[in-house]
Amino acid sequence: MQFLFYVNSPHGDALKDLEWCETHPLGGSETAVLRLAAALQRRGHGIEIVTDLDRLSEYHADAFISCRDWRALANAPLPGKLNYLWCQDDVDQSIVKDLANPDLARQLYDRCTAVVMLSTYQWQRWHVVLHLPVDKVFRCHNAVALERYRIDVSALAKRPPRAYYASVPWRGLQQLVDLWPMVKGAVPEAELVVASSLKVYGIQEEDPKMAALYEQARALPGLVYRGSIAQRDLREVAVTSRALAYPCVFPETSCIAAMEAMAAGAVVVGTTLGALPETAWRNPLIPVGENWGMVWAFELARVLVDNDYYIDIARQNLALSQYNSWDNVATRLLQRVRCDLAAIPGA
C-alpha cells in the first residue's frame, strides 16, 4: 500500500529523512510520524512525506494521514482513498480550536475516514468540545522505537542517583527548578540532566523569560543543562538514569517522553494531569494540589535511593513497554486501513 503523510513543520523537507530525529532535536508529533513511517516502510509499504500544503494536490495514495493540521483535509480534492486526521493536540490548542464551531467540525469529520485519538482523555475532550462523533474515532496510542533500547535488568541497581527532564520548558521545568534543591538536600549525590528548549519547534531565539529559566537551572548544584538533544543522545541519558523527573503542569493527550523513560528502565515521577496516568499508571504520579510539590520531591528522592522501590517499578515499566512499539502501532493501523478499504465499493 501507499501511505502519504502531511506534516506542517518548521523543519520542512528535512523530515523526508526518516532518521532525522536520531540526529536532531524534534518534537513528539513529528517524531511519531517518522517512526510510524519507518515501521510501515520496513513492511514493504510505500511512504511519502509532504511538508508543503500547496503541493498536496500533486500526490495520491491509498491512505493519507495529516499530522495535526486539519486544513489538509478541509479542501477538495482529498489525496487518499482513505483520509485520516492524526492530531496530538488537546482541545484548547490554537491549531484545533476552530473546530469548536459545530458546523465547521461536522464538515471536516464528514471528509475524514477517521480521526486518530491517542488516549481516552483526548477522545472524551474532543467529543465534548470539538464535536467529534464517536463513530469517527480510531483509538491508537503513541509508541517508542523499542528496538533501539537494550536494557540489562540485572544492572538496574547499579544506576547512579540520576534523573532527567525531557520536555519543553513550559510543561514543568520551572517547577522542577524550584523543587530540585529539596531533592538535592535529601540526596546530596543526586544528579539531574535537563534536555529542554524550544529548538524542537525550530525556534532558535529564546524568549528572555526562558533564557532566564535556563540560567537559573544551570546555577543549581548537581544539574546539567543540555538544551534540546537528538533521540540517540536522549536515549543515552535515559538508559543511565533512574527517573524521568517530570512535575508536569501541562495536561498532555499522550506522553512519548514517559514511554521512552519506561522503555529505558526509568521510573516516571510525574503528575496525574492529562493522559499521563493512562501510560505510566504504575509510576508515582502526584495529583496537582496543595503541597503537591513536596510529595513529588519525596517520590523522586525515594526512586533515587531506594533500590527495591526503583527496581520494582522499572521492571514493570520494561514489561509494559513491550506493547508500546511502533511496529505494534503499524499493525493496528494496517488492520484499520484494510478494513476501511474493504468498505469502499470497487477499491
# chains A, B, ... in the order shown; residues from 1 in each chain; ligands from 1

$ residues_around --residues "region 259-265 of chain A" --least-positions-apart "4" --cutoff "6 Å" --atoms "only C-alpha atoms" --output "number ranges by chain"
A: 238-239, 314, 317-318, 321

$ closest_atom_pairs --of "region 181-208 of chain A" --to "region 297-304 of chain A" --cutoff "10 Å" --atoms "only C-alpha atoms" --output "JSON lines"
{"residue": "A:Pro181", "atom": "CA", "partner": "A:Ala297", "partner_atom": "CA", "distance": 9.3}
{"residue": "A:Met182", "atom": "CA", "partner": "A:Ala297", "partner_atom": "CA", "distance": 6.6}
{"residue": "A:Val183", "atom": "CA", "partner": "A:Ala301", "partner_atom": "CA", "distance": 5.6}
{"residue": "A:Lys184", "atom": "CA", "partner": "A:Ala301", "partner_atom": "CA", "distance": 8.1}
{"residue": "A:Gly185", "atom": "CA", "partner": "A:Ala301", "partner_atom": "CA", "distance": 9.4}
{"residue": "A:Ala186", "atom": "CA", "partner": "A:Ala301", "partner_atom": "CA", "distance": 6.7}
{"residue": "A:Val187", "atom": "CA", "partner": "A:Ala301", "partner_atom": "CA", "distance": 6.4}
{"residue": "A:Glu189", "atom": "CA", "partner": "A:Leu304", "partner_atom": "CA", "distance": 9.5}
{"residue": "A:Ala190", "atom": "CA", "partner": "A:Leu304", "partner_atom": "CA", "distance": 7.3}
{"residue": "A:Glu191", "atom": "CA", "partner": "A:Leu304", "partner_atom": "CA", "distance": 9.3}

$ closest_residue --among "A:Arg106, A:Cys255, A:Trp292, A:Ala211" --to "Ala280 (chain A)" --atoms "only C-alpha atoms"
A:Cys255

$ residues_around --residues "Asn307 (chain A)" --least-positions-apart "4" --cutoff "12 Å" --atoms "only C-alpha atoms" --output "compact mmCIF listing (two decimals) with N, CA and C atoms, in the first residue's frame"
# COMPACT_ATOMS: atom_id res chain seq x y z
N ALA A 155 21.37 -5.09 35.79
CA ALA A 155 22.25 -3.95 36.08
C ALA A 155 21.48 -2.72 36.57
N LEU A 156 20.18 -2.83 36.75
CA LEU A 156 19.40 -1.66 37.16
C LEU A 156 19.88 -1.08 38.48
N ALA A 157 20.21 -1.94 39.42
CA ALA A 157 20.63 -1.47 40.75
C ALA A 157 21.92 -0.67 40.71
N LYS A 158 22.69 -0.81 39.64
CA LYS A 158 23.97 -0.11 39.53
C LYS A 158 23.81 1.32 39.01
N ARG A 159 22.62 1.67 38.60
CA ARG A 159 22.43 3.03 38.07
C ARG A 159 22.65 4.06 39.17
N PRO A 160 23.29 5.16 38.84
CA PRO A 160 23.53 6.21 39.83
C PRO A 160 22.23 6.94 40.17
N PRO A 161 22.23 7.76 41.21
CA PRO A 161 21.03 8.53 41.57
C PRO A 161 20.84 9.71 40.60
N ARG A 242 17.70 6.80 36.69
CA ARG A 242 16.67 6.08 37.43
C ARG A 242 15.28 6.67 37.22
N VAL A 267 11.91 5.28 35.98
CA VAL A 267 10.61 5.48 36.61
C VAL A 267 10.13 6.89 36.28
N ALA A 301 13.15 11.57 45.26
CA ALA A 301 14.27 11.21 46.13
C ALA A 301 14.23 9.72 46.47
N ARG A 302 13.05 9.19 46.70
CA ARG A 302 12.93 7.77 47.03
C ARG A 302 13.38 6.88 45.87
N VAL A 303 12.96 7.24 44.66
CA VAL A 303 13.38 6.46 43.49
C VAL A 303 14.90 6.48 43.34
N ILE A 311 13.63 -0.60 41.41
CA ILE A 311 13.71 -1.78 40.54
C ILE A 311 12.33 -2.39 40.31
N ASP A 312 11.50 -2.42 41.34
CA ASP A 312 10.15 -2.98 41.20
C ASP A 312 9.37 -2.25 40.10
N ILE A 313 9.38 -0.93 40.15
CA ILE A 313 8.63 -0.15 39.15
C ILE A 313 9.32 -0.24 37.79
N ALA A 314 10.64 -0.16 37.77
CA ALA A 314 11.37 -0.20 36.50
C ALA A 314 11.13 -1.50 35.75
N ARG A 315 11.11 -2.63 36.47
CA ARG A 315 10.87 -3.92 35.81
C ARG A 315 9.46 -3.97 35.21

$ select_by_dssp --residues "region 106-292 of chain A" --states "strand (DSSP E or B)" --output "PDB file with C-alpha atoms, in the first residue's frame"
ATOM      1  CA  ALA A 114     -11.425   8.540  10.871  1.00  0.00           C
ATOM      2  CA  VAL A 115      -9.714  10.744  13.448  1.00  0.00           C
ATOM      3  CA  VAL A 116      -6.901   9.147  15.438  1.00  0.00           C
ATOM      4  CA  MET A 117      -7.232   9.641  19.192  1.00  0.00           C
ATOM      5  CA  VAL A 137     -12.688   7.710  16.331  1.00  0.00           C
ATOM      6  CA  PHE A 138      -9.746   5.408  15.682  1.00  0.00           C
ATOM      7  CA  ARG A 139      -8.131   4.823  19.092  1.00  0.00           C
ATOM      8  CA  VAL A 144       8.685   4.326  21.011  1.00  0.00           C
ATOM      9  CA  ARG A 162      20.422  10.356  38.298  1.00  0.00           C
ATOM     10  CA  ALA A 163      17.195  11.839  36.922  1.00  0.00           C
ATOM     11  CA  TYR A 164      16.448  13.741  33.746  1.00  0.00           C
ATOM     12  CA  TYR A 165      13.882  16.130  32.263  1.00  0.00           C
ATOM     13  CA  GLU A 191      22.267  14.322  39.545  1.00  0.00           C
ATOM     14  CA  LEU A 192      19.816  15.924  37.128  1.00  0.00           C
ATOM     15  CA  VAL A 193      20.159  16.279  33.350  1.00  0.00           C
ATOM     16  CA  VAL A 194      17.837  18.824  31.724  1.00  0.00           C
ATOM     17  CA  LEU A 223      22.132  19.967  37.498  1.00  0.00           C
ATOM     18  CA  VAL A 224      23.497  19.752  33.954  1.00  0.00           C
ATOM     19  CA  TYR A 225      21.572  21.788  31.385  1.00  0.00           C
ATOM     20  CA  ALA A 243      13.892   8.581  36.841  1.00  0.00           C
ATOM     21  CA  LEU A 244      12.213  10.916  34.431  1.00  0.00           C
ATOM     22  CA  ALA A 245      11.742  13.947  36.690  1.00  0.00           C
ATOM     23  CA  VAL A 267      10.613   5.484  36.614  1.00  0.00           C
ATOM     24  CA  VAL A 268       8.264   8.313  35.668  1.00  0.00           C
ATOM     25  CA  VAL A 269       7.931  10.667  38.630  1.00  0.00           C
ATOM     26  CA  GLY A 270       5.155  12.859  37.292  1.00  0.00           C
ATOM     27  CA  THR A 271       1.648  14.155  37.904  1.00  0.00           C
ATOM     28  CA  LEU A 285       2.124  10.288  39.714  1.00  0.00           C
ATOM     29  CA  ILE A 286       1.117  13.072  42.085  1.00  0.00           C
TER      30      ILE A 286
END

$ decode --residues "region 201-247 of chain A" --atoms "N, CA and C atoms" --output "PDB file, in the first residue's frame"
ATOM      1  N   TYR A 201      10.926  22.984  18.174  1.00  0.00           N
ATOM      2  CA  TYR A 201       9.925  23.638  17.335  1.00  0.00           C
ATOM      3  C   TYR A 201      10.566  24.533  16.275  1.00  0.00           C
ATOM      4  N   GLY A 202      11.872  24.409  16.115  1.00  0.00           N
ATOM      5  CA  GLY A 202      12.563  25.226  15.129  1.00  0.00           C
ATOM      6  C   GLY A 202      12.784  26.656  15.568  1.00  0.00           C
ATOM      7  N   ILE A 203      12.600  26.939  16.859  1.00  0.00           N
ATOM      8  CA  ILE A 203      12.776  28.292  17.396  1.00  0.00           C
ATOM      9  C   ILE A 203      14.206  28.433  17.904  1.00  0.00           C
ATOM     10  N   GLN A 204      14.973  29.281  17.267  1.00  0.00           N
ATOM     11  CA  GLN A 204      16.376  29.454  17.635  1.00  0.00           C
ATOM     12  C   GLN A 204      16.575  30.565  18.663  1.00  0.00           C
ATOM     13  N   GLU A 205      15.771  31.622  18.574  1.00  0.00           N
ATOM     14  CA  GLU A 205      15.882  32.741  19.506  1.00  0.00           C
ATOM     15  C   GLU A 205      14.943  32.515  20.689  1.00  0.00           C
ATOM     16  N   GLU A 206      15.505  32.314  21.851  1.00  0.00           N
ATOM     17  CA  GLU A 206      14.694  32.015  23.021  1.00  0.00           C
ATOM     18  C   GLU A 206      14.076  33.284  23.608  1.00  0.00           C
ATOM     19  N   ASP A 207      12.888  33.139  24.158  1.00  0.00           N
ATOM     20  CA  ASP A 207      12.241  34.204  24.899  1.00  0.00           C
ATOM     21  C   ASP A 207      13.119  34.566  26.106  1.00  0.00           C
ATOM     22  N   PRO A 208      13.228  35.855  26.443  1.00  0.00           N
ATOM     23  CA  PRO A 208      14.069  36.246  27.588  1.00  0.00           C
ATOM     24  C   PRO A 208      13.698  35.525  28.884  1.00  0.00           C
ATOM     25  N   LYS A 209      12.405  35.273  29.083  1.00  0.00           N
ATOM     26  CA  LYS A 209      11.991  34.563  30.295  1.00  0.00           C
ATOM     27  C   LYS A 209      12.527  33.137  30.295  1.00  0.00           C
ATOM     28  N   MET A 210      12.506  32.490  29.124  1.00  0.00           N
ATOM     29  CA  MET A 210      13.030  31.133  29.028  1.00  0.00           C
ATOM     30  C   MET A 210      14.542  31.132  29.241  1.00  0.00           C
ATOM     31  N   ALA A 211      15.215  32.101  28.649  1.00  0.00           N
ATOM     32  CA  ALA A 211      16.667  32.195  28.821  1.00  0.00           C
ATOM     33  C   ALA A 211      17.031  32.367  30.292  1.00  0.00           C
ATOM     34  N   ALA A 212      16.236  33.156  31.008  1.00  0.00           N
ATOM     35  CA  ALA A 212      16.476  33.350  32.441  1.00  0.00           C
ATOM     36  C   ALA A 212      16.249  32.049  33.209  1.00  0.00           C
ATOM     37  N   LEU A 213      15.244  31.281  32.782  1.00  0.00           N
ATOM     38  CA  LEU A 213      14.972  29.995  33.423  1.00  0.00           C
ATOM     39  C   LEU A 213      16.135  29.027  33.208  1.00  0.00           C
ATOM     40  N   TYR A 214      16.686  29.008  32.010  1.00  0.00           N
ATOM     41  CA  TYR A 214      17.825  28.130  31.743  1.00  0.00           C
ATOM     42  C   TYR A 214      19.024  28.516  32.613  1.00  0.00           C
ATOM     43  N   GLU A 215      19.236  29.806  32.780  1.00  0.00           N
ATOM     44  CA  GLU A 215      20.346  30.258  33.624  1.00  0.00           C
ATOM     45  C   GLU A 215      20.108  29.871  35.077  1.00  0.00           C
ATOM     46  N   GLN A 216      18.860  29.968  35.508  1.00  0.00           N
ATOM     47  CA  GLN A 216      18.516  29.545  36.865  1.00  0.00           C
ATOM     48  C   GLN A 216      18.816  28.059  37.046  1.00  0.00           C
ATOM     49  N   ALA A 217      18.499  27.276  36.016  1.00  0.00           N
ATOM     50  CA  ALA A 217      18.760  25.839  36.079  1.00  0.00           C
ATOM     51  C   ALA A 217      20.260  25.555  36.139  1.00  0.00           C
ATOM     52  N   ARG A 218      21.017  26.216  35.307  1.00  0.00           N
ATOM     53  CA  ARG A 218      22.469  25.991  35.262  1.00  0.00           C
ATOM     54  C   ARG A 218      23.145  26.286  36.598  1.00  0.00           C
ATOM     55  N   ALA A 219      22.560  27.183  37.366  1.00  0.00           N
ATOM     56  CA  ALA A 219      23.177  27.593  38.629  1.00  0.00           C
ATOM     57  C   ALA A 219      22.942  26.595  39.759  1.00  0.00           C
ATOM     58  N   LEU A 220      22.063  25.631  39.546  1.00  0.00           N
ATOM     59  CA  LEU A 220      21.726  24.699  40.619  1.00  0.00           C
ATOM     60  C   LEU A 220      22.776  23.600  40.743  1.00  0.00           C
ATOM     61  N   PRO A 221      23.144  23.227  41.960  1.00  0.00           N
ATOM     62  CA  PRO A 221      24.126  22.155  42.157  1.00  0.00           C
ATOM     63  C   PRO A 221      23.574  20.809  41.687  1.00  0.00           C
ATOM     64  N   GLY A 222      24.419  20.053  41.022  1.00  0.00           N
ATOM     65  CA  GLY A 222      24.027  18.724  40.561  1.00  0.00           C
ATOM     66  C   GLY A 222      23.224  18.713  39.285  1.00  0.00           C
ATOM     67  N   LEU A 223      22.956  19.889  38.705  1.00  0.00           N
ATOM     68  CA  LEU A 223      22.132  19.967  37.498  1.00  0.00           C
ATOM     69  C   LEU A 223      22.997  20.294  36.286  1.00  0.00           C
ATOM     70  N   VAL A 224      22.814  19.514  35.225  1.00  0.00           N
ATOM     71  CA  VAL A 224      23.497  19.752  33.954  1.00  0.00           C
ATOM     72  C   VAL A 224      22.444  20.122  32.917  1.00  0.00           C
ATOM     73  N   TYR A 225      22.531  21.341  32.400  1.00  0.00           N
ATOM     74  CA  TYR A 225      21.572  21.788  31.385  1.00  0.00           C
ATOM     75  C   TYR A 225      22.163  21.548  29.998  1.00  0.00           C
ATOM     76  N   ARG A 226      21.454  20.744  29.162  1.00  0.00           N
ATOM     77  CA  ARG A 226      21.969  20.399  27.834  1.00  0.00           C
ATOM     78  C   ARG A 226      21.134  20.979  26.697  1.00  0.00           C
ATOM     79  N   GLY A 227      19.988  21.569  27.004  1.00  0.00           N
ATOM     80  CA  GLY A 227      19.127  22.049  25.931  1.00  0.00           C
ATOM     81  C   GLY A 227      18.475  20.892  25.202  1.00  0.00           C
ATOM     82  N   SER A 228      17.844  21.158  24.076  1.00  0.00           N
ATOM     83  CA  SER A 228      17.218  20.094  23.294  1.00  0.00           C
ATOM     84  C   SER A 228      18.292  19.227  22.648  1.00  0.00           C
ATOM     85  N   ILE A 229      18.099  17.911  22.710  1.00  0.00           N
ATOM     86  CA  ILE A 229      19.078  16.985  22.141  1.00  0.00           C
ATOM     87  C   ILE A 229      18.370  15.963  21.267  1.00  0.00           C
ATOM     88  N   ALA A 230      19.128  15.303  20.412  1.00  0.00           N
ATOM     89  CA  ALA A 230      18.581  14.318  19.486  1.00  0.00           C
ATOM     90  C   ALA A 230      18.172  13.047  20.223  1.00  0.00           C
ATOM     91  N   GLN A 231      17.392  12.201  19.543  1.00  0.00           N
ATOM     92  CA  GLN A 231      16.874  10.988  20.159  1.00  0.00           C
ATOM     93  C   GLN A 231      17.983  10.061  20.647  1.00  0.00           C
ATOM     94  N   ARG A 232      19.007   9.860  19.857  1.00  0.00           N
ATOM     95  CA  ARG A 232      20.049   8.922  20.275  1.00  0.00           C
ATOM     96  C   ARG A 232      20.773   9.433  21.514  1.00  0.00           C
ATOM     97  N   ASP A 233      20.945  10.751  21.629  1.00  0.00           N
ATOM     98  CA  ASP A 233      21.590  11.319  22.815  1.00  0.00           C
ATOM     99  C   ASP A 233      20.674  11.233  24.032  1.00  0.00           C
ATOM    100  N   LEU A 234      19.383  11.434  23.799  1.00  0.00           N
ATOM    101  CA  LEU A 234      18.427  11.340  24.898  1.00  0.00           C
ATOM    102  C   LEU A 234      18.352   9.911  25.433  1.00  0.00           C
ATOM    103  N   ARG A 235      18.425   8.925  24.538  1.00  0.00           N
ATOM    104  CA  ARG A 235      18.416   7.527  24.989  1.00  0.00           C
ATOM    105  C   ARG A 235      19.618   7.233  25.877  1.00  0.00           C
ATOM    106  N   GLU A 236      20.770   7.783  25.513  1.00  0.00           N
ATOM    107  CA  GLU A 236      21.970   7.561  26.325  1.00  0.00           C
ATOM    108  C   GLU A 236      21.788   8.095  27.739  1.00  0.00           C
ATOM    109  N   VAL A 237      21.093   9.207  27.855  1.00  0.00           N
ATOM    110  CA  VAL A 237      20.793   9.757  29.179  1.00  0.00           C
ATOM    111  C   VAL A 237      19.785   8.869  29.901  1.00  0.00           C
ATOM    112  N   ALA A 238      18.721   8.487  29.197  1.00  0.00           N
ATOM    113  CA  ALA A 238      17.626   7.746  29.830  1.00  0.00           C
ATOM    114  C   ALA A 238      18.071   6.390  30.360  1.00  0.00           C
ATOM    115  N   VAL A 239      18.885   5.673  29.587  1.00  0.00           N
ATOM    116  CA  VAL A 239      19.266   4.312  29.993  1.00  0.00           C
ATOM    117  C   VAL A 239      20.301   4.310  31.106  1.00  0.00           C
ATOM    118  N   THR A 240      20.774   5.475  31.507  1.00  0.00           N
ATOM    119  CA  THR A 240      21.690   5.561  32.648  1.00  0.00           C
ATOM    120  C   THR A 240      21.063   6.329  33.809  1.00  0.00           C
ATOM    121  N   SER A 241      19.751   6.540  33.739  1.00  0.00           N
ATOM    122  CA  SER A 241      19.040   7.297  34.778  1.00  0.00           C
ATOM    123  C   SER A 241      18.023   6.413  35.482  1.00  0.00           C
ATOM    124  N   ARG A 242      17.699   6.795  36.686  1.00  0.00           N
ATOM    125  CA  ARG A 242      16.668   6.079  37.432  1.00  0.00           C
ATOM    126  C   ARG A 242      15.283   6.667  37.223  1.00  0.00           C
ATOM    127  N   ALA A 243      15.210   7.940  36.872  1.00  0.00           N
ATOM    128  CA  ALA A 243      13.892   8.581  36.841  1.00  0.00           C
ATOM    129  C   ALA A 243      13.801   9.642  35.763  1.00  0.00           C
ATOM    130  N   LEU A 244      12.618   9.739  35.190  1.00  0.00           N
ATOM    131  CA  LEU A 244      12.213  10.916  34.431  1.00  0.00           C
ATOM    132  C   LEU A 244      11.583  11.859  35.443  1.00  0.00           C
ATOM    133  N   ALA A 245      12.245  12.969  35.720  1.00  0.00           N
ATOM    134  CA  ALA A 245      11.742  13.947  36.690  1.00  0.00           C
ATOM    135  C   ALA A 245      10.806  14.897  35.961  1.00  0.00           C
ATOM    136  N   TYR A 246       9.507  14.676  36.118  1.00  0.00           N
ATOM    137  CA  TYR A 246       8.544  15.387  35.280  1.00  0.00           C
ATOM    138  C   TYR A 246       7.379  15.925  36.110  1.00  0.00           C
ATOM    139  N   PRO A 247       7.592  17.042  36.820  1.00  0.00           N
ATOM    140  CA  PRO A 247       6.494  17.663  37.575  1.00  0.00           C
ATOM    141  C   PRO A 247       5.571  18.429  36.626  1.00  0.00           C
TER     142      PRO A 247
END
